[in-house]
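**Q** Below is the file data.pdb, with PDB, C-alpha atoms.
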ATOM      1  CA  MET A 491       2.982  -8.737  50.978
ATOM      2  CA  THR A 492       6.451  -7.507  51.776
ATOM      3  CA  VAL A 493       7.553  -5.315  54.648
ATOM      4  CA  ALA A 494       7.180  -2.238  52.454
ATOM      5  CA  ASP A 495       3.609  -3.234  51.619
ATOM      6  CA  VAL A 496       2.707  -3.671  55.268
ATOM      7  CA  LEU A 497       4.197  -0.262  56.064
ATOM      8  CA  LEU A 498       2.376   1.359  53.158
ATOM      9  CA  VAL A 499      -0.960  -0.132  54.203
ATOM     10  CA  ALA A 500      -0.500   0.811  57.867
ATOM     11  CA  LEU A 501       0.553   4.394  57.107
ATOM     12  CA  GLY A 502      -2.183   4.729  54.504
ATOM     13  CA  VAL A 503      -4.833   3.603  56.997
ATOM     14  CA  ILE A 504      -3.511   6.115  59.544
ATOM     15  CA  ALA A 505      -3.468   8.918  56.948
ATOM     16  CA  VAL A 506      -6.980   8.241  55.655
ATOM     17  CA  GLY A 507      -8.429   7.595  59.115
ATOM     18  CA  SER A 508      -7.110  10.796  60.661
ATOM     19  CA  GLY A 509      -8.004  12.640  57.455
ATOM     20  CA  ALA A 510     -11.584  11.502  57.952
ATOM     21  CA  LEU A 511     -11.443  12.792  61.517
ATOM     22  CA  VAL A 512     -10.139  16.158  60.243
ATOM     23  CA  VAL A 513     -13.225  16.683  58.116
ATOM     24  CA  THR A 514     -15.744  15.284  60.626
ATOM     25  CA  SER A 515     -14.497  16.437  64.047
ATOM     26  CA  THR A 516     -16.619  18.995  65.862
ATOM     27  CA  HIS A 517     -13.637  20.425  67.764
ATOM     28  CA  LEU A 518     -11.703  22.989  65.737
ATOM     29  CA  VAL A 519      -8.435  22.411  67.575
ATOM     30  CA  ARG A 520      -8.756  18.634  67.369
ATOM     31  CA  SER A 521      -9.208  18.949  63.617
ATOM     32  CA  GLY A 522      -5.847  20.690  63.446
ATOM     33  CA  LEU A 523      -4.182  18.037  65.588
ATOM     34  CA  TYR A 524      -5.640  15.195  63.497
ATOM     35  CA  LEU A 525      -4.246  17.038  60.475
ATOM     36  CA  VAL A 526      -0.792  16.720  62.080
ATOM     37  CA  ILE A 527      -1.232  12.932  62.318
ATOM     38  CA  SER A 528      -2.449  12.688  58.737
ATOM     39  CA  LEU A 529       0.411  14.780  57.358
ATOM     40  CA  GLY A 530       2.914  12.828  59.448
ATOM     41  CA  ALA A 531       1.620   9.543  58.073
ATOM     42  CA  VAL A 532       1.940  10.894  54.530
ATOM     43  CA  ALA A 533       5.533  11.888  55.345
ATOM     44  CA  GLY A 534       6.092   8.277  56.419
ATOM     45  CA  LEU A 535       4.689   7.122  53.067
ATOM     46  CA  TYR A 536       7.215   9.390  51.313
ATOM     47  CA  LEU A 537      10.004   7.779  53.331
ATOM     48  CA  VAL A 538       8.895   4.280  52.334
ATOM     49  CA  LEU A 539       8.656   5.383  48.705
ATOM     50  CA  GLY A 540      12.249   6.629  48.793
ATOM     51  CA  ALA A 541      11.631  10.379  48.666
ATOM     52  CA  GLU A 542      13.580  11.225  51.769
ATOM     53  CA  LEU A 543      14.039  14.958  51.188
ATOM     54  CA  VAL A 544      10.363  15.443  50.379
ATOM     55  CA  ALA A 545       9.449  13.653  53.617
ATOM     56  CA  TRP A 546      11.585  15.938  55.757
ATOM     57  CA  VAL A 547      10.415  19.051  53.927
ATOM     58  CA  GLN A 548       6.874  17.840  54.529
ATOM     59  CA  VAL A 549       7.552  17.534  58.257
ATOM     60  CA  LEU A 550       9.281  20.919  58.400
ATOM     61  CA  VAL A 551       6.912  22.970  56.258
ATOM     62  CA  TYR A 552       3.567  21.248  56.732
ATOM     63  CA  VAL A 553       3.656  19.912  60.268
ATOM     64  CA  GLY A 554       5.991  22.617  61.475
ATOM     65  CA  ALA A 555       4.719  25.744  59.779
ATOM     66  CA  VAL A 556       1.356  25.298  58.090
ATOM     67  CA  VAL A 557      -0.384  23.528  60.982
ATOM     68  CA  VAL A 558       1.004  26.004  63.517
ATOM     69  CA  LEU A 559      -0.291  28.832  61.312
ATOM     70  CA  LEU A 560      -3.704  27.161  61.137
ATOM     71  CA  LEU A 561      -3.811  26.715  64.916
ATOM     72  CA  PHE A 562      -2.821  30.373  65.348
ATOM     73  CA  ALA A 563      -5.739  31.333  63.125
ATOM     74  CA  VAL A 564      -8.064  29.109  65.168
ATOM     75  CA  MET A 565      -7.011  30.969  68.293
ATOM     76  CA  LEU A 566      -7.100  34.446  66.726
ATOM     77  CA  THR A 567     -10.671  33.921  65.557
ATOM     78  CA  ARG A 568     -11.648  33.096  69.146
ATOM     79  CA  ALA A 569     -12.884  29.633  68.400
ATOM     80  CA  PRO A 570     -14.671  27.961  71.302
ATOM     81  CA  ILE A 571     -12.738  25.339  73.245
ATOM     82  CA  GLY A 572     -15.500  22.762  73.346
ATOM     83  CA  PRO A 573     -17.373  21.176  70.461
ATOM     84  CA  SER A 574     -19.021  23.555  68.010
ATOM     85  CA  THR A 575     -22.389  22.788  66.485
ATOM     86  CA  ASP A 576     -22.299  25.238  63.588
ATOM     87  CA  LEU A 577     -19.275  23.947  61.705
ATOM     88  CA  ASP A 578     -21.078  21.947  59.051
ATOM     89  CA  ARG A 579     -23.504  22.364  56.238
ATOM     90  CA  PRO A 580     -25.984  19.598  55.385
ATOM     91  CA  ALA A 581     -23.977  16.526  54.516
ATOM     92  CA  TRP A 582     -25.642  14.731  51.656
ATOM     93  CA  ALA A 583     -24.344  16.801  48.720
ATOM     94  CA  ALA A 584     -20.791  16.947  50.086
ATOM     95  CA  ALA A 585     -20.839  13.234  50.886
ATOM     96  CA  LEU A 586     -22.134  12.403  47.431
ATOM     97  CA  ILE A 587     -19.520  14.477  45.585
ATOM     98  CA  GLY A 588     -16.672  13.578  47.947
ATOM     99  CA  ALA A 589     -17.397   9.860  47.818
ATOM    100  CA  GLY A 590     -17.864  10.050  44.063
ATOM    101  CA  VAL A 591     -14.518  11.772  43.536
ATOM    102  CA  GLY A 592     -12.607   9.640  46.045
ATOM    103  CA  LEU A 593     -13.995   6.252  45.103
ATOM    104  CA  GLY A 594     -13.996   7.114  41.409
ATOM    105  CA  LEU A 595     -10.311   8.014  41.483
ATOM    106  CA  ALA A 596      -9.570   4.960  43.629
ATOM    107  CA  VAL A 597     -11.291   2.613  41.165
ATOM    108  CA  LEU A 598      -9.561   4.319  38.232
ATOM    109  CA  LEU A 599      -6.081   4.007  39.775
ATOM    110  CA  ALA A 600      -6.702   0.478  41.058
ATOM    111  CA  ASP A 601      -7.798  -0.576  37.586
ATOM    112  CA  ALA A 602      -4.765   1.104  36.015
ATOM    113  CA  TYR A 603      -2.142  -0.439  38.312
ATOM    114  CA  ARG A 604      -3.830  -3.712  39.380
ATOM    115  CA  TRP A 605      -1.546  -5.676  41.690
ATOM    116  CA  THR A 606       1.645  -4.963  39.781
ATOM    117  CA  ARG A 607       4.882  -5.165  41.735
ATOM    118  CA  TYR A 608       7.444  -2.428  41.435
ATOM    119  CA  ALA A 609      10.967  -2.517  42.771
ATOM    120  CA  LEU A 610      11.497  -0.062  45.594
ATOM    121  CA  PRO A 611      13.827   2.717  44.435
ATOM    122  CA  ALA A 612      17.086   3.492  46.121
ATOM    123  CA  PRO A 613      16.482   6.032  48.879
ATOM    124  CA  GLY A 614      16.645   9.444  47.268
ATOM    125  CA  THR A 615      19.268  11.737  48.639
ATOM    126  CA  ALA A 616      19.290  15.513  48.792
ATOM    127  CA  ASP A 617      22.143  15.372  46.295
ATOM    128  CA  ARG A 618      19.967  13.762  43.621
ATOM    129  CA  MET A 619      17.083  16.117  44.320
ATOM    130  CA  GLY A 620      19.375  19.140  44.206
ATOM    131  CA  ARG A 621      20.807  18.112  40.835
ATOM    132  CA  GLN A 622      17.279  17.758  39.479
ATOM    133  CA  LEU A 623      16.117  21.022  40.973
ATOM    134  CA  PHE A 624      19.017  23.121  39.767
ATOM    135  CA  GLY A 625      19.480  21.208  36.523
ATOM    136  CA  ALA A 626      16.148  20.635  34.858
ATOM    137  CA  TRP A 627      13.850  22.807  36.942
ATOM    138  CA  VAL A 628      15.735  26.069  37.496
ATOM    139  CA  LEU A 629      13.155  28.317  35.842
ATOM    140  CA  PRO A 630      10.175  26.985  37.855
ATOM    141  CA  PHE A 631      12.337  27.317  40.965
ATOM    142  CA  GLU A 632      12.881  31.020  40.262
ATOM    143  CA  VAL A 633       9.190  31.516  39.512
ATOM    144  CA  ILE A 634       8.374  29.881  42.864
ATOM    145  CA  SER A 635      10.670  32.351  44.620
ATOM    146  CA  ILE A 636       8.810  35.267  43.011
ATOM    147  CA  LEU A 637       5.518  33.672  44.081
ATOM    148  CA  LEU A 638       6.729  33.375  47.673
ATOM    149  CA  LEU A 639       7.767  37.030  47.661
ATOM    150  CA  ALA A 640       4.365  38.027  46.289
ATOM    151  CA  ALA A 641       2.592  35.942  48.934
ATOM    152  CA  LEU A 642       4.747  37.536  51.652
ATOM    153  CA  VAL A 643       3.950  41.061  50.502
ATOM    154  CA  GLY A 644       0.292  40.171  50.033
ATOM    155  CA  ALA A 645      -0.056  38.723  53.516
ATOM    156  CA  ILE A 646       1.566  41.817  55.062
ATOM    157  CA  VAL A 647      -0.631  44.210  53.082
ATOM    158  CA  LEU A 648      -3.748  42.243  53.965
ATOM    159  CA  SER A 649      -3.070  42.076  57.671
ATOM    160  CA  ARG A 650      -2.053  45.710  58.202
ATOM    161  CA  PRO A 651      -5.168  47.863  58.389
ATOM    162  CA  ASP A 652      -3.284  51.104  57.776
ATOM    163  CA  ILE A 653      -2.152  50.039  54.315
ATOM    164  CA  GLY A 654      -4.748  50.329  51.601
ATOM    165  CA  ALA A 655      -7.418  51.898  53.797
ATOM    166  CA  ARG A 656     -10.113  53.598  51.814
ATOM    167  CA  PRO A 657      -9.716  57.381  51.502
ATOM    168  CA  ALA A 658     -13.412  57.862  52.281
ATOM    169  CA  SER A 659     -13.128  56.199  55.689
ATOM    170  CA  ARG A 660     -10.085  58.313  56.496
ATOM    171  CA  GLU A 661     -11.901  61.541  55.803
ATOM    172  CA  GLY A 662     -15.053  60.444  57.583
TER     173      GLY A 662
ATOM    174  CA  MET B1114       5.963  -3.017  46.761
ATOM    175  CA  HIS B1115       2.592  -2.672  45.136
ATOM    176  CA  ALA B1116       2.081   0.825  43.771
ATOM    177  CA  VAL B1117      -1.688   0.547  43.991
ATOM    178  CA  ILE B1118      -1.608   1.001  47.792
ATOM    179  CA  PRO B1119      -0.278   4.596  47.880
ATOM    180  CA  TYR B1120      -2.327   5.477  44.790
ATOM    181  CA  VAL B1121      -5.588   4.363  46.407
ATOM    182  CA  THR B1122      -4.576   6.096  49.654
ATOM    183  CA  ALA B1123      -4.050   9.326  47.721
ATOM    184  CA  ALA B1124      -7.399   8.971  45.948
ATOM    185  CA  LEU B1125      -9.230   8.473  49.250
ATOM    186  CA  LEU B1126      -7.421  11.444  50.829
ATOM    187  CA  PHE B1127      -8.417  13.609  47.874
ATOM    188  CA  GLY B1128     -12.034  12.508  48.246
ATOM    189  CA  LEU B1129     -11.938  13.382  51.931
ATOM    190  CA  GLY B1130     -10.548  16.799  51.056
ATOM    191  CA  VAL B1131     -13.341  17.429  48.546
ATOM    192  CA  TYR B1132     -15.875  16.352  51.158
ATOM    193  CA  GLY B1133     -14.345  18.697  53.732
ATOM    194  CA  VAL B1134     -14.278  21.705  51.398
ATOM    195  CA  LEU B1135     -17.939  21.225  50.524
ATOM    196  CA  ARG B1136     -19.120  20.319  54.016
ATOM    197  CA  ARG B1137     -17.382  22.744  56.337
ATOM    198  CA  ARG B1138     -18.654  26.241  57.055
ATOM    199  CA  ASN B1139     -15.648  27.464  59.011
ATOM    200  CA  ALA B1140     -13.073  29.018  56.675
ATOM    201  CA  ILE B1141     -10.125  27.601  58.633
ATOM    202  CA  LEU B1142     -11.517  24.075  58.369
ATOM    203  CA  VAL B1143     -11.965  24.608  54.638
ATOM    204  CA  LEU B1144      -8.269  25.502  54.423
ATOM    205  CA  MET B1145      -7.399  22.315  56.348
ATOM    206  CA  ALA B1146      -9.396  20.261  53.838
ATOM    207  CA  VAL B1147      -7.543  21.985  50.993
ATOM    208  CA  GLU B1148      -4.281  20.900  52.640
ATOM    209  CA  LEU B1149      -5.542  17.303  52.589
ATOM    210  CA  MET B1150      -6.199  17.561  48.853
ATOM    211  CA  LEU B1151      -2.746  19.045  48.167
ATOM    212  CA  ASN B1152      -1.208  16.209  50.158
ATOM    213  CA  ALA B1153      -3.042  13.647  48.083
ATOM    214  CA  VAL B1154      -1.634  15.223  44.929
ATOM    215  CA  ASN B1155       1.870  15.180  46.420
ATOM    216  CA  LEU B1156       1.508  11.503  47.262
ATOM    217  CA  ILE B1157       0.554  10.771  43.652
ATOM    218  CA  PHE B1158       3.613  12.705  42.414
ATOM    219  CA  VAL B1159       5.982  10.808  44.684
ATOM    220  CA  THR B1160       4.431   7.434  43.838
ATOM    221  CA  ALA B1161       4.658   8.236  40.137
ATOM    222  CA  ASP B1162       8.413   8.599  40.630
ATOM    223  CA  VAL B1163       8.491   4.916  41.564
ATOM    224  CA  THR B1164       6.179   3.594  38.861
ATOM    225  CA  LEU B1165       7.283   5.760  35.932
ATOM    226  CA  ARG B1166      10.977   5.171  35.598
ATOM    227  CA  GLY B1167      13.136   7.245  33.305
ATOM    228  CA  ASN B1168      11.464  10.560  34.084
ATOM    229  CA  GLY B1169      14.457  11.734  36.099
ATOM    230  CA  TYR B1170      12.693  11.965  39.460
ATOM    231  CA  GLY B1171      10.644  14.977  38.455
ATOM    232  CA  GLY B1172       7.841  13.867  40.767
ATOM    233  CA  GLY B1173       9.755  14.642  43.932
ATOM    234  CA  VAL B1174      10.689  18.070  42.588
ATOM    235  CA  PHE B1175       7.057  18.776  41.776
ATOM    236  CA  ALA B1176       6.046  17.620  45.248
ATOM    237  CA  LEU B1177       8.466  20.180  46.691
ATOM    238  CA  PHE B1178       6.958  22.881  44.472
ATOM    239  CA  VAL B1179       3.454  21.952  45.615
ATOM    240  CA  ILE B1180       4.554  22.118  49.260
ATOM    241  CA  VAL B1181       5.889  25.639  48.682
ATOM    242  CA  LEU B1182       2.675  26.607  46.900
ATOM    243  CA  ALA B1183       0.643  25.250  49.811
ATOM    244  CA  ALA B1184       2.665  27.300  52.280
ATOM    245  CA  ALA B1185       2.103  30.478  50.243
ATOM    246  CA  GLU B1186      -1.580  29.645  49.809
ATOM    247  CA  VAL B1187      -2.181  29.099  53.505
ATOM    248  CA  GLY B1188      -0.306  32.284  54.394
ATOM    249  CA  VAL B1189      -2.379  34.503  52.134
ATOM    250  CA  GLY B1190      -5.569  32.548  52.874
ATOM    251  CA  LEU B1191      -5.244  32.985  56.619
ATOM    252  CA  ALA B1192      -4.444  36.680  56.181
ATOM    253  CA  ILE B1193      -7.716  37.039  54.268
ATOM    254  CA  VAL B1194      -9.639  35.011  56.869
ATOM    255  CA  LEU B1195      -8.256  37.076  59.746
ATOM    256  CA  GLN B1196      -8.974  40.342  57.952
ATOM    257  CA  TYR B1197     -12.522  39.157  57.293
ATOM    258  CA  TYR B1198     -12.895  38.157  60.935
ATOM    259  CA  ARG B1199     -11.700  41.613  61.965
ATOM    260  CA  MET B1200     -14.320  43.258  59.763
ATOM    261  CA  ARG B1201     -17.301  40.960  60.323
ATOM    262  CA  HIS B1202     -16.531  38.878  63.446
ATOM    263  CA  ALA B1203     -17.399  35.683  61.615
ATOM    264  CA  VAL B1204     -15.544  33.003  59.707
ATOM    265  CA  ALA B1205     -18.496  31.187  58.113
ATOM    266  CA  VAL B1206     -17.879  30.938  54.394
ATOM    267  CA  ASP B1207     -21.542  30.661  53.419
ATOM    268  CA  GLU B1208     -22.364  34.013  55.002
ATOM    269  CA  VAL B1209     -19.831  35.984  52.978
ATOM    270  CA  GLN B1210     -21.593  38.629  50.922
ATOM    271  CA  LEU B1211     -19.766  38.550  47.653
ATOM    272  CA  ASP B1212     -21.730  41.460  46.191
ATOM    273  CA  ALA B1213     -21.486  43.743  49.233
ATOM    274  CA  THR B1214     -20.083  47.154  48.399
ATOM    275  CA  ASN B1215     -18.437  47.485  51.816
ATOM    276  CA  ASP B1216     -19.395  51.071  52.619
ATOM    277  CA  GLU B1217     -19.462  50.497  56.352
ATOM    278  CA  PRO B1218     -16.598  51.733  58.500
ATOM    279  CA  ASP B1219     -14.191  49.051  59.683
ATOM    280  CA  GLY B1220     -15.185  46.992  62.666
ATOM    281  CA  GLU B1221     -18.906  47.487  62.261
ATOM    282  CA  ARG B1222     -21.132  44.513  61.884
ATOM    283  CA  VAL B1223     -23.226  44.229  58.754
ATOM    284  CA  ALA B1224     -26.877  43.591  59.435
ATOM    285  CA  GLY B1225     -28.067  40.191  58.194
TER     286      GLY B1225
END
Could you write out this structure as structure tokens?

**A**
Amino acid sequence: MTVADVLLVALGVIAVGSGALVVTSTHLVRSGLYLVISLGAVAGLYLVLGAELVAWVQVLVYVGAVVVLLLFAVMLTRAPIGPSTDLDRPAWAAALIGAGVGLGLAVLLADAYRWTRYALPAPGTADRMGRQLFGAWVLPFEVISILLLAALVGAIVLSRPDIGARPASREG
Amino acid sequence: MHAVIPYVTAALLFGLGVYGVLRRRNAILVLMAVELMLNAVNLIFVTADVTLRGNGYGGGVFALFVIVLAAAEVGVGLAIVLQYYRMRHAVAVDEVQLDATNDEPDGERVAG
């Protein structure tokens, strides 16, 4: 066990533990805050694995934007402050499928990689990532920009009631 | 470092996400569980960069793409959830009537 291993195990335990709290907590807002911890721990894993730019983008976009958006939605839907009792369906089917998928994948990957040691890569810089992005992956990058524009327009159209209202309801 | 640690972490996170999507009734909590699953996939991409050398660090680039996709997905998803809440005053995914013809005026509750 090297220092990197200890860090990976510690951050992995934090990520999985707070992930479990996200899907089991009875407080809506606490679920969102546990999601912050889980995503932050995954960002730490990226840092240990040498993907520095991905880690900071994760902190900026996920922890900064996505979780804030989710918490906004929690507030806009007037979620109760205290614990809610009607958040869950019966557990057995979900537990069966979730445990099957999770443990099955875990066994598969553990069997594939055993206890093999890999050298830690040099910390990735934004320079290296930028050369990759604008060298080999330019076309997907442009497609992603079109997708973002489509999502932007779609979100605006969906949330404005005066766009796309049915003609029948206008007359009546 | 031993690559099996982040791989198993990602597998367990994905399982938790699947559990959350199937278990939760609240649409916002379902979206949170989807984020967990996307994160697990990202972790696998980044770890694959370490274990599969000679691929030119495509894993990190794909992780960035998935992060962008997740941001777009959560934006549109929450717009749909909020619009549904405005129409029905509920966010429970198992009460959504997929075959409803939606003839009621906006803001009116649907019986049942």

**Q** What's around segment 545-554 of chain A at 8 Å? Count only C-alpha atoms, leave out sequence neighbours fewer than 4 positions away in its own chain, and write the answer as a PyMOL selection string.

**A** (chain A and resi 526+529-530+533-534+536-537+541+558) or (chain B and resi 1177+1180+1184)

**Q** Please list as a PyMOL selection string every residue within 12 Å of segment 580-596 of chain A, counting only C-alpha atoms and excluding residues in the same chain fewer than 4 positions away.

**A** (chain A and resi 506+510+513-514+576+600-604) or (chain B and resi 1117-1138+1146+1150+1153-1154+1157)

**Q** Rounded to one decimal, what separation in Å do you get between atom CA of Ala1183 of chain B and atom CA of Gly540 of chain A?

**A** 22.0 Å

**Q** Just to confirm, what's the straight-line distance from atom CA of Leu637 of chain A to atom CA of Val556 of chain A in Å (one decimal)?

**A**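 The value is 16.8 Å.
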
**Q** What's the separation between atom CA of Gly1190 of chain B and atom CA of Leu648 of chain A, in Å to one decimal place?

**A**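 We find that atom CA of Gly1190 of chain B and atom CA of Leu648 of chain A lie 9.9 Å from each other.
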
**Q** For the PyMOL selection byres ((chain B and resi 1159) around 9), applied here, can you spell out every residue it catches as a short mmCIF file (atom, residue, chain, number, x, y, z; two decimals) with C-alpha atoms, in the frame of the given file?

**A**
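Done, and the output landed in selection_30.cif:
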data_model
loop_
_atom_site.label_atom_id
_atom_site.label_comp_id
_atom_site.auth_asym_id
_atom_site.auth_seq_id
_atom_site.Cartn_x
_atom_site.Cartn_y
_atom_site.Cartn_z
CA TYR A 536 7.22 9.39 51.31
CA LEU A 539 8.66 5.38 48.70
CA GLY A 540 12.25 6.63 48.79
CA ALA A 541 11.63 10.38 48.67
CA VAL A 544 10.36 15.44 50.38
CA VAL B 1154 -1.63 15.22 44.93
CA ASN B 1155 1.87 15.18 46.42
CA LEU B 1156 1.51 11.50 47.26
CA ILE B 1157 0.55 10.77 43.65
CA PHE B 1158 3.61 12.70 42.41
CA THR B 1160 4.43 7.43 43.84
CA ALA B 1161 4.66 8.24 40.14
CA ASP B 1162 8.41 8.60 40.63
CA VAL B 1163 8.49 4.92 41.56
CA TYR B 1170 12.69 11.96 39.46
CA GLY B 1171 10.64 14.98 38.46
CA GLY B 1172 7.84 13.87 40.77
CA GLY B 1173 9.76 14.64 43.93
CA VAL B 1174 10.69 18.07 42.59
CA PHE B 1175 7.06 18.78 41.78
CA ALA B 1176 6.05 17.62 45.25
#

**Q** Taking (-12.1, 34.5, 58.9) in the file's coordinates, which residues come within 12 Å, counting all atoms listed in the file, written as an MDAnalysis selection string?

**A** (chainID A and resid 560 563:569 649) or (chainID B and resid 1138:1144 1189:1209)

**Q** Skipping near chain neighbours, those fewer than 3 positions away, what residues fall within 10 Å of Ile571 of chain A using all atoms listed in the file, listed as a list of chain:residue names?

**A**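 In the requested format, the answer is A:His517, A:Leu518, A:Val519, A:Arg520, A:Met565, A:Arg568, A:Ser574.
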